[in-house]
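Please read the structure below before turning to the comments.
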Amino acid sequence: MKKILGALVLMLLITACNSTKKTVGTKQVLVFTKTMGWRHGSIEKGVATLKEIGAQEGWQITQSEDSLAFNTENLAKTDLVIFLSTTGDILGPDQEAAFKSYIQNGGAFMGIHAATDTEFDWPWYGKLVGGYFKDHPNNPNVRKASLRKATPHVTTSMYAKIFERTDEWYNYYNLSDAVTPTLYLDETSYEGGTNGDYHPIAWYQDFDGGRMYYTGGGHTDEAYDEVAFRAHLESVMRWLMD
C-alpha cells in the first residue's frame, strides 16, 4: 500500500510540474497587441501573418490584449513573447514583474514596429527593447527608403546587401550601445530621418538573462504581404526560439 501511495504522490508531483512547463514539441508564442496610445491598423494583418507562419512551422501562436496573460504560470509555458505594435503603458506592476522574471530566466522577446513606442516610464523595458520611438517623417509618413545589411546574420539572409523597402521609418532615442544592429537605414535615401549615419532599424542583444530582437518594419498591411519581410519575421522567431 505504501508503495502504491508513493507512486501516486510521485505522479501527482510530475503532473503539477508539467502543468507549468512549455509544451514538449510545440513552440508556444504569445503575441501581445495591447495599445494605450496610437493603434496601428496593420495589427490584425500582422497577427494573421504570424499565425500563418506558426501554422507552417508547427508553432502555437496565441494573440492577446489582456495584460493578465503576463503571469508566472502562463509565461513559464511560453517560448517567445512578441510585442506587435504595442503602444503606451500596457502592463501593471505585477505583470511587469512577471515579464521581467521571464526574461531573467532565459525568456525570448521580439518587438515589431511600435514595440519601441511602449512603456516609456519603465527603464528596464527601455533597455530590453534597445531604444525608444522618437518620431517619424510626415506628409507622407510612409516612404521608400534604402536599407543596408550590417554584419551577415541569419535573420537578414533573405535581403540583398543594399535593398529598398517602403514603410514608416522611425527615428529613435536612447539607443542602447549594447545592441547589435542587423539592418541600417540610409537617411540620404528619404526625407525625415534624424538619427544620422547611425540609424539601425533592426537589432538584437542578450539582455538580463534572456534574448531579444527588434525590427522596425510592419506599419502597413502591405508589409506583411512582402515575401522577404515575412521571411525576415519567420527567421527572427526561429532564431529566438533555437
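How things are named: the first chain in the C-alpha cells is A, the next is B, and so on; residues count from 1 in each chain; ligands count from 1 in the order shown.
The residue set within 10 Å of A:Ala145, counting only C-alpha atoms and dropping same-chain residues fewer than 3 places from it, reads Val142, Phe163, Glu164, Arg165, Thr166, Asp167, Glu168, Trp169, Leu185, Asp186, Glu187, Thr188, Ser189, Tyr190 and Glu191 of chain A.
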Generate a file of the selected residues that holds C-alpha atoms, formatted as a PDB file, in the first residue's frame.
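To be explicit, this is the file written out as out-v9.pdb:
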```pdb
ATOM      1  CA  VAL A 142       5.175  56.005 -45.328  1.00  0.00           C
ATOM      2  CA  PHE A 163      17.826  46.993 -50.838  1.00  0.00           C
ATOM      3  CA  GLU A 164      14.727  49.177 -50.795  1.00  0.00           C
ATOM      4  CA  ARG A 165      11.559  48.885 -48.744  1.00  0.00           C
ATOM      5  CA  THR A 166       8.507  51.056 -48.235  1.00  0.00           C
ATOM      6  CA  ASP A 167       7.358  51.518 -44.646  1.00  0.00           C
ATOM      7  CA  GLU A 168       7.010  54.066 -41.864  1.00  0.00           C
ATOM      8  CA  TRP A 169      10.551  54.691 -40.664  1.00  0.00           C
ATOM      9  CA  LEU A 185      18.538  52.933 -42.773  1.00  0.00           C
ATOM     10  CA  ASP A 186      20.262  55.211 -45.278  1.00  0.00           C
ATOM     11  CA  GLU A 187      18.902  58.639 -44.380  1.00  0.00           C
ATOM     12  CA  THR A 188      20.136  60.089 -47.679  1.00  0.00           C
ATOM     13  CA  SER A 189      17.537  57.926 -49.453  1.00  0.00           C
ATOM     14  CA  TYR A 190      14.470  59.576 -47.896  1.00  0.00           C
ATOM     15  CA  GLU A 191      13.410  62.728 -46.048  1.00  0.00           C
TER      16      GLU A 191
END
```
Give me every strand (DSSP E) residue in stretch 105-202 of chain A, going by DSSP on the backbone, as a PyMOL selection string.
chain A and resi 108-112+132-135+142-149+162-168+171-173+180-186+200-202
Of the candidates A:Ile103, A:Ala160, A:Ala98, A:Ala150, which shows the shortest atom-to-atom distance to A:Phe207, using only C-alpha atoms?
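Of A:Ile103, A:Ala160, A:Ala98, A:Ala150, the one nearest A:Phe207, counting only C-alpha atoms, is A:Ile103.
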Separation of atom CA of A:Asp89 from atom CA of A:Lys34, in Å and rounded to one decimal:
9.2 Å
Gap from atom CA of A:Ala55 to atom CA of A:Phe32 - Å, one decimal:
17.9 Å
Correct to one decimal, the distance atom CA of A:Tyr213-atom CA of A:Glu52 is 20.2 Å
Quick check for you: according to DSSP on this backbone, which residues of stretch 20-214 of chain A are classed as helix (DSSP H, G or I)? Reply as a PDB file with C-alpha atoms, in the first residue's frame.
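Printed below is result.pdb as written:
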```
ATOM      1  CA  ILE A  43      -2.110  44.880 -36.226  1.00  0.00           C
ATOM      2  CA  GLU A  44      -4.769  42.447 -37.409  1.00  0.00           C
ATOM      3  CA  LYS A  45      -2.838  41.726 -40.612  1.00  0.00           C
ATOM      4  CA  GLY A  46       0.303  41.240 -38.565  1.00  0.00           C
ATOM      5  CA  VAL A  47      -1.421  38.777 -36.245  1.00  0.00           C
ATOM      6  CA  ALA A  48      -2.807  36.840 -39.207  1.00  0.00           C
ATOM      7  CA  THR A  49       0.660  36.711 -40.756  1.00  0.00           C
ATOM      8  CA  LEU A  50       2.289  35.438 -37.565  1.00  0.00           C
ATOM      9  CA  LYS A  51      -0.427  32.788 -37.262  1.00  0.00           C
ATOM     10  CA  GLU A  52       0.207  31.717 -40.862  1.00  0.00           C
ATOM     11  CA  ILE A  53       3.914  31.438 -40.117  1.00  0.00           C
ATOM     12  CA  GLY A  54       3.120  29.478 -36.975  1.00  0.00           C
ATOM     13  CA  ALA A  55       0.888  27.074 -38.864  1.00  0.00           C
ATOM     14  CA  GLN A  56       3.638  26.453 -41.408  1.00  0.00           C
ATOM     15  CA  GLU A  57       6.247  25.831 -38.715  1.00  0.00           C
ATOM     16  CA  SER A  67      -2.256  42.200 -19.522  1.00  0.00           C
ATOM     17  CA  LEU A  68      -3.174  39.428 -17.090  1.00  0.00           C
ATOM     18  CA  ALA A  69      -1.670  36.965 -19.581  1.00  0.00           C
ATOM     19  CA  THR A  72       4.364  33.430 -13.906  1.00  0.00           C
ATOM     20  CA  GLU A  73       2.368  30.311 -14.752  1.00  0.00           C
ATOM     21  CA  ASN A  74       1.474  31.386 -18.277  1.00  0.00           C
ATOM     22  CA  LEU A  75       4.905  32.739 -19.163  1.00  0.00           C
ATOM     23  CA  ALA A  76       6.558  29.534 -17.922  1.00  0.00           C
ATOM     24  CA  PRO A  93       3.396  46.369 -11.734  1.00  0.00           C
ATOM     25  CA  ASP A  94       2.596  42.673 -11.207  1.00  0.00           C
ATOM     26  CA  GLN A  95       2.674  41.971 -14.947  1.00  0.00           C
ATOM     27  CA  GLU A  96       5.955  43.864 -15.304  1.00  0.00           C
ATOM     28  CA  ALA A  97       7.475  41.750 -12.524  1.00  0.00           C
ATOM     29  CA  ALA A  98       6.309  38.534 -14.199  1.00  0.00           C
ATOM     30  CA  PHE A  99       7.672  39.576 -17.592  1.00  0.00           C
ATOM     31  CA  LYS A 100      10.996  40.679 -16.098  1.00  0.00           C
ATOM     32  CA  SER A 101      11.311  37.338 -14.302  1.00  0.00           C
ATOM     33  CA  TYR A 102      10.521  35.522 -17.558  1.00  0.00           C
ATOM     34  CA  ILE A 103      13.392  37.282 -19.340  1.00  0.00           C
ATOM     35  CA  GLN A 104      15.761  36.769 -16.418  1.00  0.00           C
ATOM     36  CA  HIS A 113       7.453  48.309 -35.177  1.00  0.00           C
ATOM     37  CA  ALA A 114       5.746  50.249 -32.348  1.00  0.00           C
ATOM     38  CA  ALA A 115       7.140  47.993 -29.624  1.00  0.00           C
ATOM     39  CA  THR A 116       9.573  50.899 -29.151  1.00  0.00           C
ATOM     40  CA  PRO A 123      13.561  51.941 -17.661  1.00  0.00           C
ATOM     41  CA  TRP A 124      14.135  48.172 -17.627  1.00  0.00           C
ATOM     42  CA  TYR A 125      11.910  47.758 -20.677  1.00  0.00           C
ATOM     43  CA  GLY A 126      13.706  50.596 -22.445  1.00  0.00           C
ATOM     44  CA  LYS A 127      16.971  48.714 -22.015  1.00  0.00           C
ATOM     45  CA  LEU A 128      15.375  45.440 -23.116  1.00  0.00           C
ATOM     46  CA  VAL A 129      13.873  46.801 -26.333  1.00  0.00           C
ATOM     47  CA  VAL A 154      20.605  34.600 -40.495  1.00  0.00           C
ATOM     48  CA  THR A 155      17.657  36.936 -39.843  1.00  0.00           C
ATOM     49  CA  THR A 156      18.562  39.152 -42.800  1.00  0.00           C
ATOM     50  CA  GLU A 187      18.902  58.639 -44.380  1.00  0.00           C
ATOM     51  CA  THR A 188      20.136  60.089 -47.679  1.00  0.00           C
ATOM     52  CA  SER A 189      17.537  57.926 -49.453  1.00  0.00           C
TER      53      SER A 189
END
```
Residue nearest A:Arg39 - candidates A:Gly130, A:Gly25, A:Asp117, A:Met110, atoms counted: only C-alpha atoms:
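Answer, going by the shortest atom-to-atom distance: A:Asp117.
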Taking into account only C-alpha atoms, which residue in the set A:Leu175, A:Ile82, A:Gly192, A:Tyr224 is nearest to A:Val236?
A:Ile82
Can you list, as a ChimeraX atom specification, every protein, DNA or RNA residue that comes within 8 Å of A:Ala108 when you count only C-alpha atoms, leaving out same-chain residues fewer than 6 positions away?
/A:79-81,210-212,240-241
Go ahead and save the picked residues with N, CA and C atoms, as a PDB file, in the first residue's frame.
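As written to disk, selection.pdb reads:
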```pdb
ATOM      1  N   ASP A  79       7.522  30.139 -25.105  1.00  0.00           N
ATOM      2  CA  ASP A  79       8.871  30.131 -25.670  1.00  0.00           C
ATOM      3  C   ASP A  79       9.285  31.501 -26.204  1.00  0.00           C
ATOM      4  N   LEU A  80       8.298  32.317 -26.603  1.00  0.00           N
ATOM      5  CA  LEU A  80       8.600  33.621 -27.194  1.00  0.00           C
ATOM      6  C   LEU A  80       7.441  34.571 -26.941  1.00  0.00           C
ATOM      7  N   VAL A  81       7.780  35.784 -26.486  1.00  0.00           N
ATOM      8  CA  VAL A  81       6.800  36.854 -26.325  1.00  0.00           C
ATOM      9  C   VAL A  81       7.050  37.878 -27.427  1.00  0.00           C
ATOM     10  N   GLY A 210      18.081  36.914 -20.792  1.00  0.00           N
ATOM     11  CA  GLY A 210      17.282  36.484 -21.933  1.00  0.00           C
ATOM     12  C   GLY A 210      17.847  36.987 -23.242  1.00  0.00           C
ATOM     13  N   ARG A 211      17.031  36.930 -24.272  1.00  0.00           N
ATOM     14  CA  ARG A 211      17.461  37.336 -25.610  1.00  0.00           C
ATOM     15  C   ARG A 211      16.333  38.106 -26.280  1.00  0.00           C
ATOM     16  N   MET A 212      16.691  39.137 -27.054  1.00  0.00           N
ATOM     17  CA  MET A 212      15.670  39.939 -27.729  1.00  0.00           C
ATOM     18  C   MET A 212      16.068  40.271 -29.153  1.00  0.00           C
ATOM     19  N   LEU A 240      15.184  33.221 -32.272  1.00  0.00           N
ATOM     20  CA  LEU A 240      14.959  33.481 -30.850  1.00  0.00           C
ATOM     21  C   LEU A 240      14.570  32.214 -30.089  1.00  0.00           C
ATOM     22  N   MET A 241      13.944  31.277 -30.775  1.00  0.00           N
ATOM     23  CA  MET A 241      13.479  30.060 -30.083  1.00  0.00           C
ATOM     24  C   MET A 241      14.441  28.881 -30.202  1.00  0.00           C
TER      25      MET A 241
END
```
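The shell of residues at most 9 Å from A:Thr182, with only C-alpha atoms counted and near chain neighbours (fewer than 4 positions) removed, consists of Arg148, Lys149, Ala150, Thr151, Pro152, His153, Thr155, Thr156, Pro200, Ile201, Ala202, Trp203 and Tyr204 of chain A.
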Show me, as a list in words, the residues that have an atom within 9 Å of A:Tyr172 when counting only C-alpha atoms, minus same-chain residues fewer than 5 positions from it.
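What passes the distance filter is Thr116, Gly131, Tyr132, Phe133, Lys134, Asp135, His136, Thr194, Asn195, His199 and Pro200 of chain A.
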